[in-house]
Amino acid sequence: MLRMLGEYLVLMFATFKRPDKGPVFRRQLMIEFMGLGVDSFGIVIIISVFTGAIVALQTAYNIDSPLIPLTMVGFTTRQMMILEFSPTIISLILAGKVGSRIASEIGTMRVTEQIDALRVMGVNPANYLILPKITASMLFNPVLIIFSMVLGIAGGWAACVISGLVTSTDYIAGLRSWFEPYTVTYAIIKTLVFAFIIASVSGYLGYYIKGGSVEVGAASTKAVVYSSILIIFFDLILTQLLLV
Amino acid sequence: MIEVKNLYKSFGDNMVLKDVNTSFEKGKTNLIIGQSGSGKTVLMKNCIGLLEPDEGEIRFDDRPFSRLIEKDKKYIRQEMGVLFQGGALFDSFTVEQNVMFPLNMFSEMSQEEKRDRVNFCLKRVNLENVNKLMPAELSGGMMKRVAIARAISNNPQYLFCDEPNSGLDPKTAEVIDSLIREITEEYQMTTVINTHDMNSVLQIGQRINFLHKGQLWWQGDYHTILDTDNPELRDFVFSTELTRRIK
């Protein structure tokens with residue numbers, strides 16, 4: 001465990017150096033924006049719309065007392081999406097999609113000697129390969145999460161209106177109730193930390209692979225598992241620090 | 001010239017290189033030969049800086065390489081070209097992007113100049129009209145040639161080739177060997193080739209270093225290797241039916 005932590009810190013130290021060539025870094029960054037960010041829109045749309053719809057329907061189903069106004073459905077859906085579902089659940093989904101991709105891409109480069117090739121050319125492989133991925137994740141994941149919040153809330157509205165459980169007026173009134181902008185700031189801070197965890201941990205697991213295709217598969221699985229555990233762990237810590 | 005002085009390297013209790021002293025001459029194809037496990041790859045990895053020696057040093061034209069910190073090694077590394085066993089082409093790049101990569105990283109050439117240089121290097125290794133192909137679309141021999149083109153694109157002074165003929169048919173292997181020798185003489189590079197292919201040894205072994213159990217056991221060239229009376233080397237050289245018949 002200590003050895004892994006040491007290797008991780010050494011790798012991060014090598015990663016956060018000034019890139020050898022600015023234009024090459026910018027080109028890599030654009031590639032990562034596409035691969036890690038834009039390509040994730042599809043899954044984010046599906047998960048967010050359905051999650052928002054389910055949260056809204058479950059909240060409506062659980063309101064038995066006539067003393068609780070139906071506006072609570074819109075309020076609860078908004079709070080759930082902003083505070084937890086969008087930043088945490090979508091980050092967990094991205095840990096699966098993006099984390100496994102990063103670990104297997106870098107791991108394959110390791111076992112096919114492409115990383116050695118970079119090193120003997122005089123290129124810093126950690127900086128060249130991992131820095132654009134971390135940067136792209138930290139810049140693009142907040143966009144995905146805000147997009148997810150909006151879609152989740154819209155999904156909740158659509159579910160309520162289509163099912164007839166809550167009127168559009170009640171739902172929107174709930175959405176507007178007791179809004180605290182700090183909750184969005186809290187969600188963005190969490191997203192940034194989770195994005196760093198996903199890209200750096202997955203990059204680390206791919207970078208230090210020894211062996212062949214079996215180890216690449218194992219590293220890809222580990223990337224998802226370790227990133228997910230760290231996301232949940234840091235979710236607790238950040239919630240304690242920022243909200244409680 | 002590359003000089004290897006009193007080189008020792010071990011992994012745990014396993015001493016892989018023991019007091020290796022040799023030099024690789026400029027303008028010649030310098031071969032490192034030996035059985036599997038004799039330390040050839042470890043010696044080459046020490047030379048290119050992928051491994052650190054336990055003792056001893058490696059000097060590139062009187063510049064100490066192995067003692068430099070990683071940051072300073074970068075400048076000598078930019079003078080190296082390395083051909084890896086599997087080619088190590090970047091599989092998300094086209095052939096052109098692969099060959100252009102060292103130029104993008106370390107030259108101040110314009111895009112047009114870089115493209116001209118790429119075309120020149122590809123032509124030099126007898127490959128044309130493959131610029132837009134991906135590595136996965138190439139045959140084994142073509143991959144090796146693209147890797148050579150990438151290795152020479154930045155005008156290196158030192159060329160290292162790890163098992164350049166592995167996985168190739170004898171005819172293609174001969175083409176690759178001839179190409180490496182021609183390039184070495186044409187550009188006056190110091191070329192180091194790690195091989196156990198006896199065809200290569202007899203074709204391009206201008207200077208041969210035979211490693212046995214981590215020690216430098218014999219030095220010579222392709223004229224003298226068949227007449228050696230060194231028992232370990234004879235055992236290695238005449239291990240195949242073909243070389244026994246040649247003898």
# chains A, B, ... in the order shown; residues from 1 in each chain; ligands from 1
$ select_by_dssp --residues "region 88-164 of chain B" --states "alpha helix (DSSP H)" --output "PDB file with C-alpha atoms, in the first residue's frame"
ATOM      1  CA  VAL B  95       2.566   6.222 -40.275  1.00  0.00           C
ATOM      2  CA  GLU B  96       3.231   9.884 -41.082  1.00  0.00           C
ATOM      3  CA  GLN B  97       2.413  11.031 -37.541  1.00  0.00           C
ATOM      4  CA  ASN B  98       4.670   8.312 -36.123  1.00  0.00           C
ATOM      5  CA  VAL B  99       7.664   9.342 -38.214  1.00  0.00           C
ATOM      6  CA  MET B 100       6.933  13.030 -37.607  1.00  0.00           C
ATOM      7  CA  PHE B 101       6.665  12.587 -33.831  1.00  0.00           C
ATOM      8  CA  PRO B 102      10.350  13.236 -32.924  1.00  0.00           C
ATOM      9  CA  LEU B 103      10.313  16.262 -35.242  1.00  0.00           C
ATOM     10  CA  ASN B 104       7.169  17.630 -33.577  1.00  0.00           C
ATOM     11  CA  MET B 105       8.752  17.239 -30.161  1.00  0.00           C
ATOM     12  CA  PHE B 106      12.292  18.440 -30.752  1.00  0.00           C
ATOM     13  CA  GLN B 111       5.005  21.707 -41.105  1.00  0.00           C
ATOM     14  CA  GLU B 112       6.100  21.589 -44.748  1.00  0.00           C
ATOM     15  CA  GLU B 113       9.721  20.862 -43.844  1.00  0.00           C
ATOM     16  CA  LYS B 114       8.600  18.135 -41.443  1.00  0.00           C
ATOM     17  CA  ARG B 115       6.426  16.535 -44.115  1.00  0.00           C
ATOM     18  CA  ASP B 116       9.349  16.601 -46.575  1.00  0.00           C
ATOM     19  CA  ARG B 117      11.610  14.978 -43.983  1.00  0.00           C
ATOM     20  CA  VAL B 118       8.995  12.278 -43.273  1.00  0.00           C
ATOM     21  CA  ASN B 119       8.664  11.512 -46.980  1.00  0.00           C
ATOM     22  CA  PHE B 120      12.444  11.401 -47.321  1.00  0.00           C
ATOM     23  CA  CYS B 121      12.806   8.962 -44.409  1.00  0.00           C
ATOM     24  CA  LEU B 122       9.990   6.745 -45.654  1.00  0.00           C
ATOM     25  CA  LYS B 123      11.520   6.720 -49.137  1.00  0.00           C
ATOM     26  CA  ARG B 124      14.878   5.850 -47.606  1.00  0.00           C
ATOM     27  CA  GLY B 140       5.634  -7.007 -39.896  1.00  0.00           C
ATOM     28  CA  GLY B 141       8.378  -5.934 -42.297  1.00  0.00           C
ATOM     29  CA  MET B 142       6.653  -2.644 -43.075  1.00  0.00           C
ATOM     30  CA  MET B 143       6.256  -1.929 -39.349  1.00  0.00           C
ATOM     31  CA  LYS B 144       9.982  -2.445 -38.815  1.00  0.00           C
ATOM     32  CA  ARG B 145      10.771  -0.145 -41.719  1.00  0.00           C
ATOM     33  CA  VAL B 146       8.436   2.564 -40.400  1.00  0.00           C
ATOM     34  CA  ALA B 147      10.110   2.162 -36.999  1.00  0.00           C
ATOM     35  CA  ILE B 148      13.516   2.626 -38.674  1.00  0.00           C
ATOM     36  CA  ALA B 149      12.188   5.699 -40.498  1.00  0.00           C
ATOM     37  CA  ARG B 150      11.003   7.124 -37.158  1.00  0.00           C
ATOM     38  CA  ALA B 151      14.338   6.273 -35.537  1.00  0.00           C
ATOM     39  CA  ILE B 152      16.320   8.166 -38.186  1.00  0.00           C
TER      40      ILE B 152
END
$ interface_residues --of "chain B" --to "chain A" --cutoff "8 Å" --atoms "only C-alpha atoms" --output "NGL selection string"
:B and (48-50 or 73-75 or 77-78 or 80-82 or 84 or 86 or 88-90 or 102 or 104-105)
$ write_last_selection --atoms "C-alpha atoms" --output "short mmCIF file (atom, residue, chain, number, x, y, z; two decimals), in the first residue's frame"
data_model
loop_
_atom_site.label_atom_id
_atom_site.label_comp_id
_atom_site.auth_asym_id
_atom_site.auth_seq_id
_atom_site.Cartn_x
_atom_site.Cartn_y
_atom_site.Cartn_z
CA ILE B 48 19.68 3.59 -23.76
CA GLY B 49 18.98 4.53 -20.16
CA LEU B 50 15.94 2.37 -19.50
CA LYS B 73 19.96 12.47 -20.16
CA LYS B 74 17.27 14.01 -22.34
CA TYR B 75 19.81 15.85 -24.48
CA ARG B 77 18.56 10.79 -25.83
CA GLN B 78 17.54 13.25 -28.53
CA MET B 80 19.44 8.42 -30.22
CA GLY B 81 17.16 6.40 -32.45
CA VAL B 82 15.82 3.15 -31.10
CA PHE B 84 12.27 -1.82 -30.58
CA GLY B 86 7.91 -5.03 -31.79
CA ALA B 88 6.69 0.22 -30.71
CA LEU B 89 4.83 2.39 -33.21
CA PHE B 90 2.18 4.60 -31.62
CA PRO B 102 10.35 13.24 -32.92
CA ASN B 104 7.17 17.63 -33.58
CA MET B 105 8.75 17.24 -30.16
#
$ residues_around --residues "Leu144 (chain A)" --least-positions-apart "2" --cutoff "8 Å" --atoms "only C-alpha atoms" --output "list in words"
Gly37, Phe41, Val44, Phe140, Asn141, Pro142, Ile146, Phe147 and Ser148 of chain A
$ select_by_dssp --residues "region 100-186 of chain B" --states "strand (DSSP E or B)" --output "PyMOL selection string"
chain B and resi 158-162
$ residues_around --residues "region 226-239 of chain A" --least-positions-apart "6" --cutoff "8 Å" --atoms "only C-alpha atoms" --output "MDAnalysis selection string"
chainID A and resid 88 91:92 95 99 190 194 197:198 201:202
$ atom_distance --atom1 "CA of Ile130 (chain A)" --atom2 "CA of Ile69 (chain B)"
22.0 Å
